[in-house]
Amino acid sequence: MSVSAVFLLDLKGKVLICRNYKGDVEMAEIDHFLPLLMQQEEDGLLCPVLLHGSVHFLWIKHSNLYLVATTNKNSNASLVYAFLYKLVEVFTEYFKELEEESIQDNFVVVYELLDELMDFGFPQTTDSKILQEYITQEGTKLEVAKSKVPTTVTNAVSWRSEGIKYKKNEVFIDVIESINVLVNANGSVMSSDIVGSIKLKTMLSGMPELRLGLNDRVLFALTGRDKGKTVTMEDVKFHQCVRLSRFESDRTISFIPPDGESELMSYRINTHVKPLIWIESVIEKFSHSRVEIMVKAKGQFKKQSVANNVEVRIPVPSDADSPKFKASTGHAKYVPEKNLVVWTIKSFPGGKEFLMRAHFGLPSVENDELEGRPPITVNFEIPYFTVSGIQVRYMKIIEKSGYQALPWVRYITQSGDYQLRTNS
């Protein structure tokens with residue numbers, strides 16, 4: 001990866017704080033960053049990597065800050081960006097909000113973190129829970145006799161401290177799936193996939209080993225079992241605690257978990273997904289007078305399930321005014337700054353249909369500019385349900401003291417990029 005230096009700048013390009021890791025790039029090179037960025041913005045050619053001479057600037061923007069890494073080597077750009085986003089995550093854990101003011105108020109802690117997060121241009125300890133063991137925001141006196149490096153930094157299990165104790169040992173497993181769907185104006189599904197993640201909240205004493213079993217199609221094929229529903233997971237990404245060699249040999253997900261909350265794994269399932277909430281819309285525009293919108297929403301999922309906090313966002317012309325609504329359930333409101341009608345339904349049972357009508361006035365003077373017709377978007381969450389059918393078959397918890405622990409599993413399906421196009 002090999003980063004030369006990391007800078008935090010304000011929106012005017014002023015350096016708030018920086019750390020020079022290798023000394024092979026002049027620190028004054030950062031003065032060229034903002035002019036290059038402004039020039040590219042003007043030309044409409046904004047790029048995540050900027051070049052000045054032999055120096056590359058790899059940058060991200062967060063709130064009112066620019067985080068910039070410089071290098072004059074052929075570095076792995078994706079790893080540099082992963083590190084910059086990790087910086088944002090760690091600083092947010094420490095300061096709640098990452099912005100110019102929080103950096104200025106915590107200079108000493110930021111410098112300490114930059115020292116520990118990276119050494120000679122290579123990432124080191126990036127887990128905020130481990131960093132918080134020895135970099136605190138409270139002023140502390142250094143007692144030489146007692147000062148020592150936490151074992152987690154030198155330990156093989158760098159993501160978990162020793163000596164953790166709980167009165168009640170429990171593991172909470174959340175299987176969360178987001179559905180991405182694009183439906184064209186004729187009602188055909190153009191693209192669809194499922195992006196899932198398994199999140200843990202671990203409250204276990206000691207150094208337990210956990211084994212997680214899923215209804216993985218590859219595992220069932222390896223063991224000769226093909227009974228019941230199985231899923232084929234692609235693009236699987238694991239937390240560093242998972243033993244990859246074990247997973248590759250027999251598909252067992254074996255790990256010593258981090259304490260508290262963590263994302264164990266993420267995956268994608270590339271399959272045809274039937275839209276769970278189907279939207280039909282009729283938009284009639286009467287020249288110089290009014291526009292009438294009729295939207296029908298139908299739940300295309302099991303009757304036992306209920307979608308919560310459903311939001312249907314319907315685009316309307318930018319010059320519309322005088323809104324009137326009539327909805328069979330929920331309530332609709334006009335959001336003029338976004339040119340949207342937002343229809344909110346708190347509880348949407350499977351198999352049900354609901355209707356909403358909207359009436360808007362239009363100005364007598366016709367708008368000459370042709371407006372595009374953005375798609376209708378839908379947000380929702382369905383608990384106790386996964387569209388892919390993925391299941392946690394077992395969770396074994398093994399710890400040398402032999403205590404009994406309870407695993408709890410929860411399934412949630414939610415909308416991701418969920419769009420339905422309308423007729424022009």
# chains A, B, ... in the order shown; residues from 1 in each chain; ligands from 1
>>> residues_around(residues="Asn308 (chain A)", least_positions_apart="5", cutoff="7 Å", atoms="only C-alpha atoms", output="PDB file with N, CA, C and O atoms, in the first residue's frame")
ATOM      1  N   LYS A 346     -47.391   2.985   7.835  1.00  0.00           N
ATOM      2  CA  LYS A 346     -46.638   2.428   8.973  1.00  0.00           C
ATOM      3  C   LYS A 346     -46.620   0.912   8.967  1.00  0.00           C
ATOM      4  O   LYS A 346     -45.607   0.285   9.275  1.00  0.00           O
ATOM      5  N   SER A 347     -47.754   0.303   8.631  1.00  0.00           N
ATOM      6  CA  SER A 347     -47.860  -1.155   8.672  1.00  0.00           C
ATOM      7  C   SER A 347     -48.554  -1.640   7.401  1.00  0.00           C
ATOM      8  O   SER A 347     -49.679  -1.243   7.117  1.00  0.00           O
ATOM      9  N   PHE A 348     -47.849  -2.487   6.617  1.00  0.00           N
ATOM     10  CA  PHE A 348     -48.344  -2.924   5.304  1.00  0.00           C
ATOM     11  C   PHE A 348     -48.352  -4.458   5.283  1.00  0.00           C
ATOM     12  O   PHE A 348     -47.340  -5.090   5.013  1.00  0.00           O
ATOM     13  N   PHE A 380     -38.735   0.276   2.726  1.00  0.00           N
ATOM     14  CA  PHE A 380     -39.527  -0.564   3.630  1.00  0.00           C
ATOM     15  C   PHE A 380     -38.604  -1.472   4.431  1.00  0.00           C
ATOM     16  O   PHE A 380     -37.408  -1.598   4.132  1.00  0.00           O
ATOM     17  N   GLU A 381     -39.181  -2.108   5.444  1.00  0.00           N
ATOM     18  CA  GLU A 381     -38.457  -3.105   6.251  1.00  0.00           C
ATOM     19  C   GLU A 381     -39.440  -4.188   6.663  1.00  0.00           C
ATOM     20  O   GLU A 381     -40.523  -3.884   7.164  1.00  0.00           O
ATOM     21  N   ILE A 382     -39.064  -5.463   6.417  1.00  0.00           N
ATOM     22  CA  ILE A 382     -39.926  -6.590   6.780  1.00  0.00           C
ATOM     23  C   ILE A 382     -39.175  -7.455   7.788  1.00  0.00           C
ATOM     24  O   ILE A 382     -38.184  -8.106   7.433  1.00  0.00           O
TER      25      ILE A 382
END
>>> select_by_dssp(residues="region 43-160 of chain A", states="alpha helix (DSSP H)", output="MDAnalysis selection string")
chainID A and resid 43 77:95 100:105 107:117 128:134 151:154
>>> write_last_selection(atoms="N, CA and C atoms", output="tab-separated table (two decimals), in the first residue's frame")
chain	number	residue	atom	x	y	z
A	43	ASP	N	-13.90	21.77	-15.03
A	43	ASP	CA	-13.90	21.06	-16.32
A	43	ASP	C	-14.90	19.92	-16.35
A	77	ALA	N	-4.54	1.50	-4.86
A	77	ALA	CA	-5.48	2.59	-4.59
A	77	ALA	C	-6.67	2.13	-3.75
A	78	SER	N	-7.19	0.94	-4.01
A	78	SER	CA	-8.37	0.48	-3.26
A	78	SER	C	-8.04	0.31	-1.77
A	79	LEU	N	-6.80	-0.13	-1.46
A	79	LEU	CA	-6.41	-0.27	-0.06
A	79	LEU	C	-6.25	1.10	0.60
A	80	VAL	N	-5.73	2.07	-0.16
A	80	VAL	CA	-5.59	3.42	0.39
A	80	VAL	C	-6.96	3.99	0.72
A	81	TYR	N	-7.93	3.78	-0.18
A	81	TYR	CA	-9.27	4.30	0.09
A	81	TYR	C	-9.92	3.55	1.25
A	82	ALA	N	-9.69	2.25	1.35
A	82	ALA	CA	-10.21	1.49	2.50
A	82	ALA	C	-9.65	2.06	3.80
A	83	PHE	N	-8.36	2.45	3.78
A	83	PHE	CA	-7.75	3.03	4.97
A	83	PHE	C	-8.35	4.41	5.29
A	84	LEU	N	-8.57	5.24	4.27
A	84	LEU	CA	-9.14	6.58	4.51
A	84	LEU	C	-10.56	6.46	5.10
A	85	TYR	N	-11.35	5.53	4.59
A	85	TYR	CA	-12.69	5.34	5.14
A	85	TYR	C	-12.63	4.76	6.56
A	86	LYS	N	-11.60	3.94	6.82
A	86	LYS	CA	-11.41	3.42	8.17
A	86	LYS	C	-11.04	4.56	9.13
A	87	LEU	N	-10.24	5.52	8.64
A	87	LEU	CA	-9.93	6.71	9.44
A	87	LEU	C	-11.21	7.43	9.87
A	88	VAL	N	-12.11	7.62	8.91
A	88	VAL	CA	-13.39	8.29	9.20
A	88	VAL	C	-14.14	7.51	10.27
A	89	GLU	N	-14.18	6.17	10.12
A	89	GLU	CA	-14.91	5.32	11.07
A	89	GLU	C	-14.31	5.44	12.48
A	90	VAL	N	-12.98	5.39	12.58
A	90	VAL	CA	-12.32	5.46	13.89
A	90	VAL	C	-12.53	6.82	14.53
A	91	PHE	N	-12.33	7.89	13.77
A	91	PHE	CA	-12.51	9.25	14.31
A	91	PHE	C	-13.96	9.47	14.76
A	92	THR	N	-14.91	8.92	14.00
A	92	THR	CA	-16.33	9.05	14.36
A	92	THR	C	-16.62	8.31	15.66
A	93	GLU	N	-15.99	7.13	15.84
A	93	GLU	CA	-16.15	6.38	17.10
A	93	GLU	C	-15.66	7.20	18.29
A	94	TYR	N	-14.56	7.92	18.08
A	94	TYR	CA	-13.97	8.70	19.16
A	94	TYR	C	-14.72	10.01	19.43
A	95	PHE	N	-15.07	10.73	18.36
A	95	PHE	CA	-15.57	12.11	18.52
A	95	PHE	C	-17.05	12.26	18.21
A	100	GLU	N	-14.52	19.69	11.16
A	100	GLU	CA	-13.37	20.55	11.45
A	100	GLU	C	-13.23	20.85	12.94
A	101	GLU	N	-14.35	21.15	13.58
A	101	GLU	CA	-14.32	21.53	14.99
A	101	GLU	C	-13.84	20.38	15.88
A	102	SER	N	-14.29	19.14	15.59
A	102	SER	CA	-13.89	18.01	16.42
A	102	SER	C	-12.40	17.70	16.26
A	103	ILE	N	-11.83	17.95	15.08
A	103	ILE	CA	-10.39	17.77	14.87
A	103	ILE	C	-9.61	18.81	15.68
A	104	GLN	N	-10.06	20.08	15.62
A	104	GLN	CA	-9.37	21.16	16.34
A	104	GLN	C	-9.44	20.97	17.85
A	105	ASP	N	-10.55	20.39	18.33
A	105	ASP	CA	-10.72	20.19	19.78
A	105	ASP	C	-9.95	18.98	20.30
A	107	PHE	N	-6.71	17.66	18.97
A	107	PHE	CA	-5.45	17.53	18.23
A	107	PHE	C	-4.58	16.39	18.77
A	108	VAL	N	-4.42	16.33	20.09
A	108	VAL	CA	-3.50	15.36	20.69
A	108	VAL	C	-3.96	13.93	20.39
A	109	VAL	N	-5.26	13.69	20.58
A	109	VAL	CA	-5.80	12.34	20.35
A	109	VAL	C	-5.68	11.96	18.87
A	110	VAL	N	-5.93	12.93	17.98
A	110	VAL	CA	-5.83	12.66	16.53
A	110	VAL	C	-4.40	12.27	16.17
A	111	TYR	N	-3.42	13.00	16.69
A	111	TYR	CA	-2.02	12.66	16.42
A	111	TYR	C	-1.68	11.26	16.93
A	112	GLU	N	-2.14	10.93	18.14
A	112	GLU	CA	-1.89	9.60	18.70
A	112	GLU	C	-2.51	8.51	17.83
A	113	LEU	N	-3.73	8.78	17.36
A	113	LEU	CA	-4.42	7.81	16.51
A	113	LEU	C	-3.69	7.63	15.19
A	114	LEU	N	-3.25	8.73	14.58
A	114	LEU	CA	-2.52	8.64	13.31
A	114	LEU	C	-1.23	7.84	13.48
A	115	ASP	N	-0.61	7.96	14.64
A	115	ASP	CA	0.62	7.20	14.92
A	115	ASP	C	0.34	5.70	15.03
A	116	GLU	N	-0.80	5.35	15.62
A	116	GLU	CA	-1.10	3.93	15.85
A	116	GLU	C	-1.76	3.26	14.64
A	117	LEU	N	-2.53	4.04	13.88
A	117	LEU	CA	-3.25	3.48	12.75
A	117	LEU	C	-2.32	3.08	11.61
A	128	SER	N	-11.21	0.23	16.33
A	128	SER	CA	-11.42	1.33	17.29
A	128	SER	C	-11.57	0.81	18.72
A	129	LYS	N	-12.14	-0.40	18.88
A	129	LYS	CA	-12.31	-0.92	20.25
A	129	LYS	C	-10.96	-1.21	20.90
A	130	ILE	N	-10.01	-1.72	20.11
A	130	ILE	CA	-8.67	-2.00	20.63
A	130	ILE	C	-7.93	-0.69	20.89
A	131	LEU	N	-8.06	0.26	19.97
A	131	LEU	CA	-7.40	1.57	20.15
A	131	LEU	C	-7.89	2.27	21.41
A	132	GLN	N	-9.17	2.12	21.71
A	132	GLN	CA	-9.74	2.80	22.88
A	132	GLN	C	-9.22	2.23	24.20
A	133	GLU	N	-8.55	1.06	24.14
A	133	GLU	CA	-7.97	0.51	25.37
A	133	GLU	C	-6.77	1.32	25.85
A	134	TYR	N	-6.04	1.92	24.89
A	134	TYR	CA	-4.83	2.63	25.32
A	134	TYR	C	-4.70	4.05	24.78
A	151	THR	N	-2.09	-6.43	25.31
A	151	THR	CA	-1.81	-7.70	24.65
A	151	THR	C	-2.51	-7.83	23.31
A	152	THR	N	-3.62	-7.11	23.14
A	152	THR	CA	-4.36	-7.21	21.88
A	152	THR	C	-3.54	-6.72	20.70
A	153	VAL	N	-2.58	-5.81	20.95
A	153	VAL	CA	-1.78	-5.27	19.85
A	153	VAL	C	-0.77	-6.31	19.36
A	154	THR	N	-0.21	-7.08	20.29
A	154	THR	CA	0.80	-8.09	19.93
A	154	THR	C	0.21	-9.49	19.84
>>> closest_residue(among="A:Asp193, A:Asp24, A:Glu99, A:Asp259", to="Lys165 (chain A)", atoms="only C-alpha atoms")
A:Asp259
>>> residues_around(residues="Val25 (chain A)", least_positions_apart="5", cutoff="9 Å", atoms="only C-alpha atoms", output="list in words")
Ser4, Ala5, Asn20, Val55, Thr70, Thr71 and Asn72 of chain A
>>> write_last_selection(atoms="N, CA, C and O atoms", output="mmCIF file, in the first residue's frame")
data_model
loop_
_atom_site.group_PDB
_atom_site.id
_atom_site.type_symbol
_atom_site.label_atom_id
_atom_site.label_comp_id
_atom_site.auth_asym_id
_atom_site.auth_seq_id
_atom_site.Cartn_x
_atom_site.Cartn_y
_atom_site.Cartn_z
ATOM 1 N N SER A 4 2.734 7.885 1.709
ATOM 2 C CA SER A 4 3.803 8.764 2.198
ATOM 3 C C SER A 4 3.340 9.632 3.359
ATOM 4 O O SER A 4 4.042 9.787 4.356
ATOM 5 N N ALA A 5 2.143 10.226 3.225
ATOM 6 C CA ALA A 5 1.635 11.119 4.265
ATOM 7 C C ALA A 5 0.116 11.159 4.194
ATOM 8 O O ALA A 5 -0.480 10.864 3.157
ATOM 9 N N ASN A 20 3.457 12.770 8.488
ATOM 10 C CA ASN A 20 4.397 12.356 7.454
ATOM 11 C C ASN A 20 4.980 11.000 7.862
ATOM 12 O O ASN A 20 5.687 10.898 8.853
ATOM 13 N N VAL A 55 3.626 12.976 -7.894
ATOM 14 C CA VAL A 55 2.885 12.772 -6.644
ATOM 15 C C VAL A 55 1.398 12.553 -6.938
ATOM 16 O O VAL A 55 0.769 13.335 -7.662
ATOM 17 N N THR A 70 -1.017 11.035 0.239
ATOM 18 C CA THR A 70 -0.086 11.294 -0.862
ATOM 19 C C THR A 70 0.867 10.115 -1.021
ATOM 20 O O THR A 70 1.226 9.456 -0.039
ATOM 21 N N THR A 71 1.261 9.854 -2.255
ATOM 22 C CA THR A 71 2.236 8.800 -2.528
ATOM 23 C C THR A 71 2.907 9.079 -3.864
ATOM 24 O O THR A 71 2.298 9.674 -4.759
ATOM 25 N N ASN A 72 4.175 8.658 -3.999
ATOM 26 C CA ASN A 72 4.851 8.741 -5.302
ATOM 27 C C ASN A 72 5.185 7.351 -5.826
ATOM 28 O O ASN A 72 5.965 7.192 -6.739
#
>>> closest_residue(among="A:Asn215, A:Ser287, A:Ser281, A:Ser2", to="Gly23 (chain A)", atoms="only C-alpha atoms")
A:Ser2
>>> residues_around(residues="Val6 (chain A)", least_positions_apart="5", cutoff="8 Å", atoms="only C-alpha atoms", output="ChimeraX atom specification")
/A:18-21,67-70
>>> closest_residue(among="A:Phe7, A:Tyr66, A:Tyr394, A:Phe325", to="Arg211 (chain A)", atoms="only C-alpha atoms")
A:Tyr394
>>> residues_around(residues="Ser192 (chain A)", least_positions_apart="4", cutoff="6 Å", atoms="only C-alpha atoms", output="PyMOL selection string")
chain A and resi 180-181+272-273
>>> atom_distance(atom1="CA of Lys285 (chain A)", atom2="CA of Pro323 (chain A)")
14.0 Å
>>> residues_around(residues="Ser254 (chain A)", least_positions_apart="4", cutoff="7 Å", atoms="only C-alpha atoms", output="VMD selection string")
chain A and resid 210 to 212 242 to 243
